[in-house]
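Containing PDB, C-alpha atoms, pLDDT in the B column: upload-v5.pdb.
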ATOM      1  CA  MET I  20     -19.833  -3.446  -6.788  1.00 74.00           C
ATOM      2  CA  ASN I  21     -19.783  -1.415  -3.579  1.00 93.00           C
ATOM      3  CA  ASP I  22     -18.788   2.259  -3.382  1.00 95.00           C
ATOM      4  CA  THR I  23     -15.283   1.583  -2.050  1.00 97.00           C
ATOM      5  CA  LEU I  24     -14.534  -0.881  -4.857  1.00 97.00           C
ATOM      6  CA  ALA I  25     -15.814   1.585  -7.440  1.00 97.00           C
ATOM      7  CA  ARG I  26     -13.527   4.300  -6.033  1.00 98.00           C
ATOM      8  CA  LEU I  27     -10.588   1.863  -5.967  1.00 98.00           C
ATOM      9  CA  ASP I  28     -11.171   0.944  -9.612  1.00 97.00           C
ATOM     10  CA  ALA I  29     -11.237   4.635 -10.535  1.00 98.00           C
ATOM     11  CA  PHE I  30      -8.087   5.256  -8.473  1.00 98.00           C
ATOM     12  CA  PHE I  31      -6.085   2.578 -10.223  1.00 97.00           C
ATOM     13  CA  ALA I  32      -7.363   3.598 -13.641  1.00 96.00           C
ATOM     14  CA  ALA I  33      -6.181   7.138 -12.918  1.00 97.00           C
ATOM     15  CA  TRP I  34      -2.759   6.147 -11.522  1.00 97.00           C
ATOM     16  CA  ARG I  35      -1.971   2.927 -13.433  1.00 94.00           C
ATOM     17  CA  GLU I  36       0.213   4.520 -16.100  1.00 93.00           C
ATOM     18  CA  ARG I  37       2.314   6.520 -13.609  1.00 92.00           C
ATOM     19  CA  LEU I  38       2.643   3.650 -11.113  1.00 92.00           C
ATOM     20  CA  CYS I  39       3.278   0.884 -13.626  1.00 88.00           C
ATOM     21  CA  GLY I  40       5.861   2.689 -15.740  1.00 78.00           C
ATOM     22  CA  ASP I  41       9.450   1.570 -15.790  1.00 75.00           C
ATOM     23  CA  GLN I  42      10.218   2.244 -12.106  1.00 77.00           C
ATOM     24  CA  ALA I  43       8.952  -0.952 -10.464  1.00 88.00           C
ATOM     25  CA  GLU I  44       6.321  -3.625 -10.814  1.00 93.00           C
ATOM     26  CA  VAL I  45       3.148  -2.445  -9.117  1.00 96.00           C
ATOM     27  CA  ARG I  46       0.336  -4.840  -8.350  1.00 96.00           C
ATOM     28  CA  PHE I  47      -3.072  -3.652  -7.274  1.00 97.00           C
ATOM     29  CA  THR I  48      -5.818  -5.977  -6.094  1.00 97.00           C
ATOM     30  CA  ALA I  49      -9.112  -5.121  -4.421  1.00 98.00           C
ATOM     31  CA  GLN I  50     -12.099  -7.127  -3.323  1.00 97.00           C
ATOM     32  CA  ALA I  51     -15.229  -6.819  -1.234  1.00 97.00           C
ATOM     33  CA  LEU I  52     -15.167  -7.882   2.403  1.00 95.00           C
ATOM     34  CA  GLU I  53     -17.880 -10.380   3.262  1.00 88.00           C
ATOM     35  CA  ALA I  54     -17.547  -9.920   7.031  1.00 88.00           C
ATOM     36  CA  PRO I  55     -16.203  -7.226   9.369  1.00 87.00           C
ATOM     37  CA  PRO I  56     -12.427  -6.996   8.960  1.00 92.00           C
ATOM     38  CA  GLY I  57     -11.461  -7.712  12.573  1.00 91.00           C
ATOM     39  CA  LEU I  58      -7.879  -7.291  13.781  1.00 95.00           C
ATOM     40  CA  HIS I  59      -5.772  -5.425  11.201  1.00 96.00           C
ATOM     41  CA  THR I  60      -2.907  -7.950  11.165  1.00 96.00           C
ATOM     42  CA  ALA I  61      -5.226 -10.936  10.737  1.00 97.00           C
ATOM     43  CA  CYS I  62      -7.238  -9.151   8.047  1.00 97.00           C
ATOM     44  CA  ALA I  63      -4.094  -8.246   6.071  1.00 98.00           C
ATOM     45  CA  ASP I  64      -2.683 -11.779   6.405  1.00 98.00           C
ATOM     46  CA  ARG I  65      -5.945 -13.416   5.268  1.00 97.00           C
ATOM     47  CA  PHE I  66      -6.063 -11.153   2.233  1.00 98.00           C
ATOM     48  CA  VAL I  67      -2.435 -11.493   1.097  1.00 98.00           C
ATOM     49  CA  SER I  68      -2.333 -15.249   1.717  1.00 98.00           C
ATOM     50  CA  GLY I  69      -5.464 -15.605  -0.424  1.00 97.00           C
ATOM     51  CA  LEU I  70      -3.506 -13.872  -3.190  1.00 98.00           C
ATOM     52  CA  GLY I  71      -0.579 -16.288  -2.800  1.00 98.00           C
ATOM     53  CA  TYR I  72       1.735 -14.001  -0.810  1.00 98.00           C
ATOM     54  CA  GLN I  73       3.475 -14.729   2.484  1.00 97.00           C
ATOM     55  CA  THR I  74       1.877 -13.766   5.791  1.00 97.00           C
ATOM     56  CA  ILE I  75       3.807 -11.650   8.310  1.00 97.00           C
ATOM     57  CA  GLY I  76       1.458 -11.590  11.301  1.00 94.00           C
ATOM     58  CA  GLY I  77       2.312  -8.979  13.904  1.00 93.00           C
ATOM     59  CA  ASN I  78       4.919  -7.425  11.620  1.00 95.00           C
ATOM     60  CA  TRP I  79       2.264  -5.425   9.776  1.00 96.00           C
ATOM     61  CA  GLU I  80       2.702  -1.818  10.880  1.00 96.00           C
ATOM     62  CA  LEU I  81      -0.590  -0.053  11.528  1.00 96.00           C
ATOM     63  CA  LEU I  82      -0.399   3.442  10.050  1.00 97.00           C
ATOM     64  CA  ASP I  83      -2.349   6.587  10.880  1.00 96.00           C
ATOM     65  CA  ALA I  84      -4.743   7.060   7.968  1.00 96.00           C
ATOM     66  CA  GLU I  85      -5.881  10.484   9.187  1.00 93.00           C
ATOM     67  CA  GLY I  86      -2.642  12.147  10.283  1.00 88.00           C
ATOM     68  CA  ASP I  87      -0.714  14.670   8.250  1.00 86.00           C
ATOM     69  CA  ALA I  88       2.487  13.607   6.514  1.00 84.00           C
ATOM     70  CA  ASP I  89       4.560  14.783   9.495  1.00 87.00           C
ATOM     71  CA  ALA I  90       2.537  12.833  12.096  1.00 87.00           C
ATOM     72  CA  PRO I  91       4.026   9.711  13.717  1.00 87.00           C
ATOM     73  CA  ARG I  92       3.296   6.543  11.707  1.00 91.00           C
ATOM     74  CA  SER I  93       1.615   8.623   9.016  1.00 95.00           C
ATOM     75  CA  ALA I  94       0.154   6.662   6.102  1.00 97.00           C
ATOM     76  CA  ARG I  95       0.742   9.694   3.906  1.00 97.00           C
ATOM     77  CA  ALA I  96       4.445   9.822   4.815  1.00 96.00           C
ATOM     78  CA  ALA I  97       4.840   6.074   4.189  1.00 96.00           C
ATOM     79  CA  LEU I  98       3.143   6.308   0.788  1.00 97.00           C
ATOM     80  CA  VAL I  99       5.360   9.253  -0.168  1.00 96.00           C
ATOM     81  CA  ALA I 100       8.467   7.353   0.970  1.00 94.00           C
ATOM     82  CA  ALA I 101       7.412   4.320  -1.071  1.00 95.00           C
ATOM     83  CA  PHE I 102       6.502   6.039  -4.321  1.00 96.00           C
ATOM     84  CA  SER I 103       8.444   9.307  -4.543  1.00 95.00           C
ATOM     85  CA  ARG I 104      11.830   7.775  -5.445  1.00 94.00           C
ATOM     86  CA  ASN I 105      13.011   4.728  -7.379  1.00 90.00           C
ATOM     87  CA  MET I 106      13.149   1.670  -5.107  1.00 88.00           C
ATOM     88  CA  VAL I 107      16.566   0.504  -6.332  1.00 89.00           C
ATOM     89  CA  PHE I 108      18.262   3.786  -7.255  1.00 89.00           C
ATOM     90  CA  SER I 109      16.979   6.115  -4.554  1.00 86.00           C
ATOM     91  CA  SER I 110      18.632   9.147  -6.149  1.00 88.00           C
ATOM     92  CA  GLU I 111      16.286   8.704  -9.131  1.00 91.00           C
ATOM     93  CA  PRO I 112      12.743  10.122  -8.914  1.00 91.00           C
ATOM     94  CA  TRP I 113       9.643   8.006  -9.408  1.00 93.00           C
ATOM     95  CA  LEU I 114       6.483  10.037  -8.801  1.00 95.00           C
ATOM     96  CA  GLY I 115       8.267  12.778  -6.869  1.00 95.00           C
ATOM     97  CA  GLU I 116       7.090  13.910  -3.446  1.00 95.00           C
ATOM     98  CA  ALA I 117       4.140  16.065  -4.544  1.00 96.00           C
ATOM     99  CA  ASP I 118       2.684  13.431  -6.888  1.00 97.00           C
ATOM    100  CA  ALA I 119       3.363  10.611  -4.421  1.00 97.00           C
ATOM    101  CA  LEU I 120       1.423  12.585  -1.800  1.00 96.00           C
ATOM    102  CA  ALA I 121      -1.409  13.186  -4.293  1.00 97.00           C
ATOM    103  CA  MET I 122      -1.457   9.473  -5.136  1.00 97.00           C
ATOM    104  CA  GLY I 123      -1.497   8.552  -1.438  1.00 97.00           C
ATOM    105  CA  GLU I 124      -4.320  10.995  -0.735  1.00 97.00           C
ATOM    106  CA  ALA I 125      -6.303   9.560  -3.644  1.00 98.00           C
ATOM    107  CA  PHE I 126      -5.732   5.993  -2.406  1.00 98.00           C
ATOM    108  CA  LEU I 127      -6.843   6.802   1.142  1.00 98.00           C
ATOM    109  CA  ALA I 128      -9.870   8.735  -0.161  1.00 98.00           C
ATOM    110  CA  CYS I 129     -11.194   5.504  -1.698  1.00 98.00           C
ATOM    111  CA  PHE I 130     -12.091   4.214   1.754  1.00 98.00           C
ATOM    112  CA  ASP I 131     -14.741   5.242   4.272  1.00 96.00           C
ATOM    113  CA  PRO I 132     -12.917   7.714   6.566  1.00 95.00           C
ATOM    114  CA  GLY I 133     -14.821   6.410   9.590  1.00 94.00           C
ATOM    115  CA  SER I 134     -13.539   2.854   9.257  1.00 96.00           C
ATOM    116  CA  VAL I 135     -10.377   2.916   7.118  1.00 97.00           C
ATOM    117  CA  GLN I 136      -7.288   1.108   8.365  1.00 97.00           C
ATOM    118  CA  ILE I 137      -3.990   0.830   6.523  1.00 98.00           C
ATOM    119  CA  VAL I 138      -0.959  -1.318   7.244  1.00 98.00           C
ATOM    120  CA  THR I 139       2.452  -1.649   5.653  1.00 97.00           C
ATOM    121  CA  ASN I 140       5.147  -4.301   5.720  1.00 97.00           C
ATOM    122  CA  ARG I 141       7.834  -1.667   6.373  1.00 90.00           C
ATOM    123  CA  ARG I 142       8.850  -0.711   9.890  1.00 78.00           C
ATOM    124  CA  TYR I 143      11.555   1.519  11.293  1.00 73.00           C
ATOM    125  CA  PHE I 144      14.008  -1.405  11.320  1.00 75.00           C
ATOM    126  CA  GLY I 145      13.390  -2.677   7.783  1.00 78.00           C
ATOM    127  CA  TRP I 146      10.717  -4.643   5.989  1.00 84.00           C
ATOM    128  CA  ASN I 147       9.004  -7.963   6.334  1.00 93.00           C
ATOM    129  CA  PRO I 148       8.616  -9.408   2.846  1.00 95.00           C
ATOM    130  CA  ILE I 149       5.449 -10.924   1.489  1.00 97.00           C
ATOM    131  CA  THR I 150       7.161 -11.754  -1.842  1.00 97.00           C
ATOM    132  CA  ASP I 151      10.562 -13.023  -2.928  1.00 95.00           C
ATOM    133  CA  ALA I 152      11.486  -9.699  -4.568  1.00 95.00           C
ATOM    134  CA  THR I 153      14.751  -7.973  -3.683  1.00 93.00           C
ATOM    135  CA  PHE I 154      12.918  -4.696  -3.010  1.00 93.00           C
ATOM    136  CA  GLU I 155       9.329  -4.462  -1.880  1.00 94.00           C
ATOM    137  CA  TRP I 156       6.834  -2.152  -0.251  1.00 95.00           C
ATOM    138  CA  ALA I 157       3.300  -3.369   0.478  1.00 98.00           C
ATOM    139  CA  PHE I 158       0.236  -1.529   1.713  1.00 98.00           C
ATOM    140  CA  VAL I 159      -3.042  -3.185   2.659  1.00 98.00           C
ATOM    141  CA  ALA I 160      -5.927  -0.800   3.261  1.00 98.00           C
ATOM    142  CA  PHE I 161      -9.503  -1.643   4.137  1.00 98.00           C
ATOM    143  CA  ASP I 162     -12.740  -0.307   5.481  1.00 97.00           C
ATOM    144  CA  ASN I 163     -15.866  -2.216   6.472  1.00 96.00           C
ATOM    145  CA  SER I 164     -16.771  -3.083   2.881  1.00 96.00           C
ATOM    146  CA  ALA I 165     -13.579  -3.606   0.833  1.00 98.00           C
ATOM    147  CA  ILE I 166      -9.868  -4.340   1.039  1.00 98.00           C
ATOM    148  CA  ALA I 167      -6.994  -3.500  -1.332  1.00 98.00           C
ATOM    149  CA  LEU I 168      -3.332  -4.365  -1.774  1.00 98.00           C
ATOM    150  CA  LEU I 169      -0.944  -1.831  -3.289  1.00 98.00           C
ATOM    151  CA  LEU I 170       2.359  -3.673  -3.796  1.00 97.00           C
ATOM    152  CA  ALA I 171       5.526  -2.341  -5.407  1.00 96.00           C
ATOM    153  CA  THR I 172       8.436  -4.695  -6.101  1.00 95.00           C
ATOM    154  CA  ASP I 173      11.726  -4.362  -7.948  1.00 92.00           C
ATOM    155  CA  GLU I 174      14.994  -6.157  -8.541  1.00 90.00           C
ATOM    156  CA  ASP I 175      18.475  -4.671  -8.663  1.00 81.00           C
TER     157      ASP I 175
END

Please, can you express the file's structure as structure tokens?
Amino acid sequence: MNDTLARLDAFFAAWRERLCGDQAEVRFTAQALEAPPGLHTACADRFVSGLGYQTIGGNWELLDAEGDADAPRSARAALVAAFSRNMVFSSEPWLGEADALAMGEAFLACFDPGSVQIVTNRRYFGWNPITDATFEWAFVAFDNSAIALLLATDED
């Protein structure tokens, strides 16, 4: 097991109970990369299609893995938006903003900072589903050695 995969395993072990409570269904899958990842959209599509999910091509939004939460296209801001409040009943908390930010920081810290890329299926105009769920938010992150899917889905 490479270092990134070991950190991803530790991340999910630490956050599993909070993420997989009664708020949504959260799926987490990670695997080693056998070759350089290449273009972020193609890499994400290859990975999710191998897991049985739909591909969305150019509709993956490349996020800034290094920027602060207030930076444009910030991965931190997207992770907070996804996990701070209930997906169906947005007035209900899930992790809350502080814990969602801590979770997002921990997720990003699993990857080599020199090569990490992260994409999401949500854009400013809505989302591009990879599942048949009513509500969904997907993140695919990877570096030169491993790739992971963090997928939250829910039904109303």

Exercise. Do you know which residues the PyMOL selection byres ((chain I and resi 34-39) around 10) returns on this file, as an NGL selection string?
Worked result: :I and (29-33 or 40-47 or 102 or 113-114 or 118-119 or 122 or 125-126 or 171)

Problem set entry | Evaluate the PyMOL selection byres ((chain I and resi 78) around 10) and report residues as a PyMOL selection string | chain I and resi 60+74-77+79-81+138-142+146-148

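Taking atom CA of Ala54 of chain I as the reference point, atom CA of Ala157 of chain I is found at 22.8 Å.
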
For this session: Please write the residues picked by the PyMOL selection byres ((chain I and resi 95) around 10) on this file as a VMD selection string.
Result: chain I and resid 82 to 90 92 to 94 96 to 101 119 to 124 126 to 127

Kindly save the residues from that selection, with C-alpha atoms included, as a compact mmCIF listing (two decimals), in the frame of the given file.
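Output contents, as saved in again06.txt:
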# COMPACT_ATOMS: atom_id res chain seq x y z
CA LEU I 82 -0.40 3.44 10.05
CA ASP I 83 -2.35 6.59 10.88
CA ALA I 84 -4.74 7.06 7.97
CA GLU I 85 -5.88 10.48 9.19
CA GLY I 86 -2.64 12.15 10.28
CA ASP I 87 -0.71 14.67 8.25
CA ALA I 88 2.49 13.61 6.51
CA ASP I 89 4.56 14.78 9.49
CA ALA I 90 2.54 12.83 12.10
CA ARG I 92 3.30 6.54 11.71
CA SER I 93 1.62 8.62 9.02
CA ALA I 94 0.15 6.66 6.10
CA ALA I 96 4.44 9.82 4.82
CA ALA I 97 4.84 6.07 4.19
CA LEU I 98 3.14 6.31 0.79
CA VAL I 99 5.36 9.25 -0.17
CA ALA I 100 8.47 7.35 0.97
CA ALA I 101 7.41 4.32 -1.07
CA ALA I 119 3.36 10.61 -4.42
CA LEU I 120 1.42 12.58 -1.80
CA ALA I 121 -1.41 13.19 -4.29
CA MET I 122 -1.46 9.47 -5.14
CA GLY I 123 -1.50 8.55 -1.44
CA GLU I 124 -4.32 11.00 -0.74
CA PHE I 126 -5.73 5.99 -2.41
CA LEU I 127 -6.84 6.80 1.14

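Here atom CA of Leu24 of chain I and atom CA of Gly71 of chain I stand 20.9 Å from one another.
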
Hey, can you pull every residue with an atom no more than 12 Å from (-13.2, -3.0, 10.5), using all atoms listed in the file, and send it as a short mmCIF file (atom, residue, chain, number, x, y, z; two decimals) with C-alpha atoms, keeping the file's coordinate frame?
data_model
loop_
_atom_site.label_atom_id
_atom_site.label_comp_id
_atom_site.auth_asym_id
_atom_site.auth_seq_id
_atom_site.Cartn_x
_atom_site.Cartn_y
_atom_site.Cartn_z
CA LEU I 52 -15.17 -7.88 2.40
CA GLU I 53 -17.88 -10.38 3.26
CA ALA I 54 -17.55 -9.92 7.03
CA PRO I 55 -16.20 -7.23 9.37
CA PRO I 56 -12.43 -7.00 8.96
CA GLY I 57 -11.46 -7.71 12.57
CA LEU I 58 -7.88 -7.29 13.78
CA HIS I 59 -5.77 -5.42 11.20
CA THR I 60 -2.91 -7.95 11.16
CA ALA I 61 -5.23 -10.94 10.74
CA CYS I 62 -7.24 -9.15 8.05
CA ALA I 63 -4.09 -8.25 6.07
CA PHE I 130 -12.09 4.21 1.75
CA ASP I 131 -14.74 5.24 4.27
CA PRO I 132 -12.92 7.71 6.57
CA GLY I 133 -14.82 6.41 9.59
CA SER I 134 -13.54 2.85 9.26
CA VAL I 135 -10.38 2.92 7.12
CA GLN I 136 -7.29 1.11 8.36
CA ILE I 137 -3.99 0.83 6.52
CA ALA I 160 -5.93 -0.80 3.26
CA PHE I 161 -9.50 -1.64 4.14
CA ASP I 162 -12.74 -0.31 5.48
CA ASN I 163 -15.87 -2.22 6.47
CA SER I 164 -16.77 -3.08 2.88
CA ALA I 165 -13.58 -3.61 0.83
CA ILE I 166 -9.87 -4.34 1.04
#

Exercise. So, counting only C-alpha atoms, which residue among I:Val159, I:Leu168, I:Met20, I:Ala152 is closest to Ala51 of chain I?
Worked result: I:Met20

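The coordinates place atom CA of Phe158 of chain I at 13.8 Å from atom CA of Cys129 of chain I.
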
Could you write out as AutoDock Vina command-line options the box around segment 88-98 of chain I (axis-aligned, all atoms listed in the file, 5 Å on each side), with centre and edge lengths in Å to one decimal?
--center_x 2.5 --center_y 10.4 --center_z 7.3 --size_x 14.7 --size_y 18.7 --size_z 22.9

For this session: Find the residues with any atom within 9 Å of (7.3, -15.7, -4.5); use only C-alpha atoms and the coordinates as given in the file, and write the answer as JSON, numbers by chain.
Result: {"I": [71, 72, 73, 149, 150, 151, 152]}

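For the set I:Pro91, I:Thr23, I:Glu174, I:Thr48, the residue with the smallest atom-to-atom gap to Leu70 of chain I is I:Thr48, counting all atoms listed in the file.
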
Seminar exercise, completed: Between I:Asp173, I:Glu111, I:Asp22, I:Ala128, smallest distance to Trp156 of chain I by all atoms listed in the file belongs to I:Asp173

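The closest residue to Gln50 of chain I, picked from I:Phe144, I:Ser68, I:Asn21, I:Pro112 and counting only C-alpha atoms, is I:Asn21.
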